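Participant: The structure is given below, and queries will be raised subsequently.
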Amino acid sequence: MTDQTTQTETTVPLPAYAGSTGAAGSTGATTGATGAGGATLEARRISAWFGDHKVLDRVSLTMPTGLVTALIGPSGCGKSTFLRILNRMHELIPSASLAGEVLVDGQDVYATGQRLTEARRQVGMVFQKPNPFPAMSIYDNVTAGLKLTGVRTGGRAKDDLVEECLTKAGLWKEVRTRLRQPGGALSGGQQQRLCIARSLAIRPKVLLMDEPCSALDPTSTRRIEETIRELVHEVTIVIVTHNMQQAARVSDQCAFFLAEQGTPGAIVEHGPTAAMFSAPSDPRTSDYVEGRFG
Ligand SMILES: Nc1ncnc2c1ncn2[C@@H]1O[C@H](COP(=O)(O)OP(=O)(O)OP(=O)(O)O)[C@@H](O)[C@H]1O
């Protein structure tokens with residue numbers, strides 16, 4: 001690492017993943033059934049680079065089970081990079097490197113010997129743009145992650161899983177009579193809820209959401225927000241959002257990221273959402289949440 005500011009940091013040795021971006025990475029699904037219930041996610045001194053460009057500097061944040069954590073901050077401050085580091089997607093970018101630790105219930109997902117698939121098994125991701133398999137049926141979309149990662153289930157158990165996940169994603173009533181129709185035939189908001197159902201089918205402990213409503217209309221946004229609040233009882237949720245009202249509505253705690261004057265992104269302040277919005281301790285936080293910049 002050539003960055004002069006990183007002398008004391010040890011970068012995480014990342015294996016080469018050429019040609020193995022993986023089903024989970026491209027579909028938003030995770031792998032394997034690890035059981036319900038959220039995990040506490042802890043990022044310790046996370047730094048990130050693209051080539052020599054350092055974009056995050058020693059970011060530490062605990063995202064407790066049972067809470068929704070919102071990552072907020074202006075464009076380019078490293079929120080999405082941080083999110084991708086949490087489930088080992090950052091390393092899929094050829095020039096990317098990182099330092100630090102990501103602990104899921106105390107286990108470092110970057111520890112030597114920890115498999116990429118295991119990280120994805122535990123930490124799912126829902127993207128900004130809904131990305132179901134458009135020609136695949138609604139039913140098969142929900143179970144796509146299982147197939148791609150070798151988890152075997154069938155018959156009634158599979159039907160029950162599809163119903164359970166679509167129900168949790170708030171979509172079951174709308175699609176129960178047309179499960180064999182293609183996922184691409186759904187509205188944008190329905191497609192996003194289908195992607196949430198697909199992620200849930202693998203029973204992740206953590207669900208990462210990168211601006212999941214930015215491509216959706218207000219009604220669909222409200223449905224996703226309701227779904228987030230319902231899901232947090234069983235999966236830890238971390239959401240990146242530019243929408244301060246959304247952060248205030250859905251999150252229990254917030255972290256405000258900022259990359260000032262060409263410096264790498266860092267957390268200025270984090271804490272309970274109500275306090276962050278009503279009485280932030282740093283003037284930069286109040287400037288941002290009150291819309292004076294960003
Ligand atoms: N694939 C990449 N290659 C090189 N640089 C990248 C790449 N992805 C992001 N960056 C850089 O990393 C920095 C952080 O980007 P990131 O997307 O994480 O910020 P962000 O806060 O999520 O922004 P936004 O809110 O606009 O999505 C930016 O300077 C960006 O240009």
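Every chain in the structure tokens has a letter given in the order shown (A, B, ...), and although residue numbers restart at 1 in each chain, ligands are simply numbered from 1 in the order shown.
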Restrict the calculation to only C-alpha atoms and all ligand atoms, then for each residue of chain A with any atom at most 10 Å from an atom of ligand 1 give the closest atom pair and their distance in Å to one decimal, rows by chain and rising residue number, as a Markdown table.
Facilitator:
| residue | atom | partner | partner_atom_place_in_ligand_line | distance |
| --- | --- | --- | --- | --- |
| A:Ala48 | CA | ligand 1 | 12 (O) | 8.6 |
| A:Trp49 | CA | ligand 1 | 12 (O) | 7.7 |
| A:Phe50 | CA | ligand 1 | 4 (C) | 5.0 |
| A:Gly51 | CA | ligand 1 | 4 (C) | 7.5 |
| A:Asp52 | CA | ligand 1 | 4 (C) | 9.7 |
| A:His53 | CA | ligand 1 | 5 (N) | 7.5 |
| A:Lys54 | CA | ligand 1 | 12 (O) | 7.9 |
| A:Val55 | CA | ligand 1 | 13 (C) | 5.1 |
| A:Leu56 | CA | ligand 1 | 14 (C) | 7.6 |
| A:Leu71 | CA | ligand 1 | 21 (O) | 8.9 |
| A:Ile72 | CA | ligand 1 | 21 (O) | 7.9 |
| A:Gly73 | CA | ligand 1 | 21 (O) | 6.4 |
| A:Pro74 | CA | ligand 1 | 25 (O) | 5.9 |
| A:Ser75 | CA | ligand 1 | 26 (O) | 3.5 |
| A:Gly76 | CA | ligand 1 | 19 (O) | 3.5 |
| A:Cys77 | CA | ligand 1 | 21 (O) | 3.8 |
| A:Gly78 | CA | ligand 1 | 18 (O) | 3.2 |
| A:Lys79 | CA | ligand 1 | 22 (O) | 4.0 |
| A:Ser80 | CA | ligand 1 | 22 (O) | 3.6 |
| A:Thr81 | CA | ligand 1 | 18 (O) | 3.7 |
| A:Phe82 | CA | ligand 1 | 18 (O) | 6.5 |
| A:Leu83 | CA | ligand 1 | 18 (O) | 8.0 |
| A:Arg84 | CA | ligand 1 | 18 (O) | 8.4 |
| A:Ile85 | CA | ligand 1 | 18 (O) | 9.9 |
| A:His90 | CA | ligand 1 | 1 (N) | 8.5 |
| A:Leu92 | CA | ligand 1 | 1 (N) | 9.4 |
| A:Ile93 | CA | ligand 1 | 1 (N) | 6.1 |
| A:Pro94 | CA | ligand 1 | 1 (N) | 8.4 |
| A:Ser95 | CA | ligand 1 | 3 (N) | 7.1 |
| A:Ala96 | CA | ligand 1 | 3 (N) | 7.5 |
| A:Gln128 | CA | ligand 1 | 27 (O) | 9.6 |
| A:Asp210 | CA | ligand 1 | 22 (O) | 8.3 |
| A:Glu211 | CA | ligand 1 | 27 (O) | 8.3 |
| A:Val240 | CA | ligand 1 | 22 (O) | 7.7 |
| A:Thr241 | CA | ligand 1 | 25 (O) | 7.8 |
| A:His242 | CA | ligand 1 | 25 (O) | 6.8 |
| A:Phe257 | CA | ligand 1 | 21 (O) | 7.5 |
| A:Leu258 | CA | ligand 1 | 21 (O) | 8.1 |
| A:Ala259 | CA | ligand 1 | 21 (O) | 8.6 |
| A:Gly262 | CA | ligand 1 | 29 (O) | 8.6 |
| A:Thr263 | CA | ligand 1 | 29 (O) | 9.6 |
| A:Pro264 | CA | ligand 1 | 13 (C) | 8.0 |
| A:Gly265 | CA | ligand 1 | 14 (C) | 7.4 |
| A:Gly294 | CA | ligand 1 | 25 (O) | 9.5 |
Participant: Could you write out the selected residues, including C-alpha atoms, as a short mmCIF file (atom, residue, chain, number, x, y, z; two decimals), in the first residue's frame?
Facilitator:
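again.cif, freshly written:
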data_model
loop_
_atom_site.label_atom_id
_atom_site.label_comp_id
_atom_site.auth_asym_id
_atom_site.auth_seq_id
_atom_site.Cartn_x
_atom_site.Cartn_y
_atom_site.Cartn_z
CA ALA A 48 -10.56 1.11 2.03
CA TRP A 49 -8.69 1.94 -1.15
CA PHE A 50 -9.27 1.84 -4.86
CA GLY A 51 -5.72 1.53 -6.13
CA ASP A 52 -3.82 4.21 -4.21
CA HIS A 53 -6.91 6.28 -3.55
CA LYS A 54 -7.92 5.92 0.07
CA VAL A 55 -11.67 6.37 0.41
CA LEU A 56 -12.34 5.28 4.01
CA LEU A 71 -25.63 5.30 6.97
CA ILE A 72 -26.03 8.90 5.86
CA GLY A 73 -23.74 11.48 4.30
CA PRO A 74 -23.03 13.36 1.08
CA SER A 75 -22.28 11.66 -2.20
CA GLY A 76 -18.81 10.12 -2.42
CA CYS A 77 -18.10 9.87 1.31
CA GLY A 78 -17.80 6.09 1.17
CA LYS A 79 -21.14 4.80 2.45
CA SER A 80 -21.60 2.23 -0.32
CA THR A 81 -17.97 1.16 -0.11
CA PHE A 82 -18.39 0.62 3.63
CA LEU A 83 -21.55 -1.39 3.01
CA ARG A 84 -19.85 -3.56 0.39
CA ILE A 85 -17.00 -4.27 2.78
CA HIS A 90 -15.58 -4.69 -2.10
CA LEU A 92 -14.60 -8.15 -6.12
CA ILE A 93 -13.38 -4.86 -7.60
CA PRO A 94 -9.92 -5.56 -9.06
CA SER A 95 -8.15 -2.46 -7.67
CA ALA A 96 -9.79 -2.62 -4.25
CA GLN A 128 -30.56 0.35 -5.31
CA ASP A 210 -28.05 0.30 -0.53
CA GLU A 211 -30.60 3.04 -1.22
CA VAL A 240 -27.70 3.58 3.07
CA THR A 241 -30.06 6.43 2.32
CA HIS A 242 -29.85 9.97 1.00
CA PHE A 257 -20.13 9.84 7.04
CA LEU A 258 -18.13 12.71 5.59
CA ALA A 259 -15.11 13.01 3.30
CA GLY A 262 -10.31 15.29 -0.48
CA THR A 263 -9.70 13.33 2.71
CA PRO A 264 -10.98 9.75 3.01
CA GLY A 265 -14.47 9.18 4.34
CA GLY A 294 -24.87 17.60 0.55
#
Participant: What lies within 9 Å of stretch 275-283 of chain A using only C-alpha atoms, ignoring chain neighbours under 5 positions off, as a PyMOL selection string?
Facilitator: chain A and resi 244+248+253-256+268-270+288-290
Participant: Excluding same-chain residues fewer than 6 positions from A:Pro64, what lies within 7 Å of it counting only C-alpha atoms, as a list in words?
Facilitator: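 Residues near the query, excluding close chain neighbours: Thr40, Leu41 and Thr236 of chain A.
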Participant: Include C-alpha atoms and write out the residues we just selected as an mmCIF file, in the first residue's frame.
Facilitator:
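Okay, out.cif is ready:
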data_model
loop_
_atom_site.group_PDB
_atom_site.id
_atom_site.type_symbol
_atom_site.label_atom_id
_atom_site.label_comp_id
_atom_site.auth_asym_id
_atom_site.auth_seq_id
_atom_site.Cartn_x
_atom_site.Cartn_y
_atom_site.Cartn_z
ATOM 1 C CA THR A 40 -24.486 -7.950 15.870
ATOM 2 C CA LEU A 41 -22.257 -6.607 13.157
ATOM 3 C CA THR A 236 -30.079 -6.854 11.608
#
Participant: Quick one: of A:Arg152, A:Thr117, A:Arg88, A:Val250, who's nearest to A:Leu103, counting only C-alpha atoms?
Facilitator: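 Counting only C-alpha atoms, the residue closest to A:Leu103 is A:Arg88.
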Participant: Between atom CA of A:Glu260 and atom CA of A:Ala215, what is the distance, to one decimal in Å?
Facilitator: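 A separation of 27.8 Å between them.
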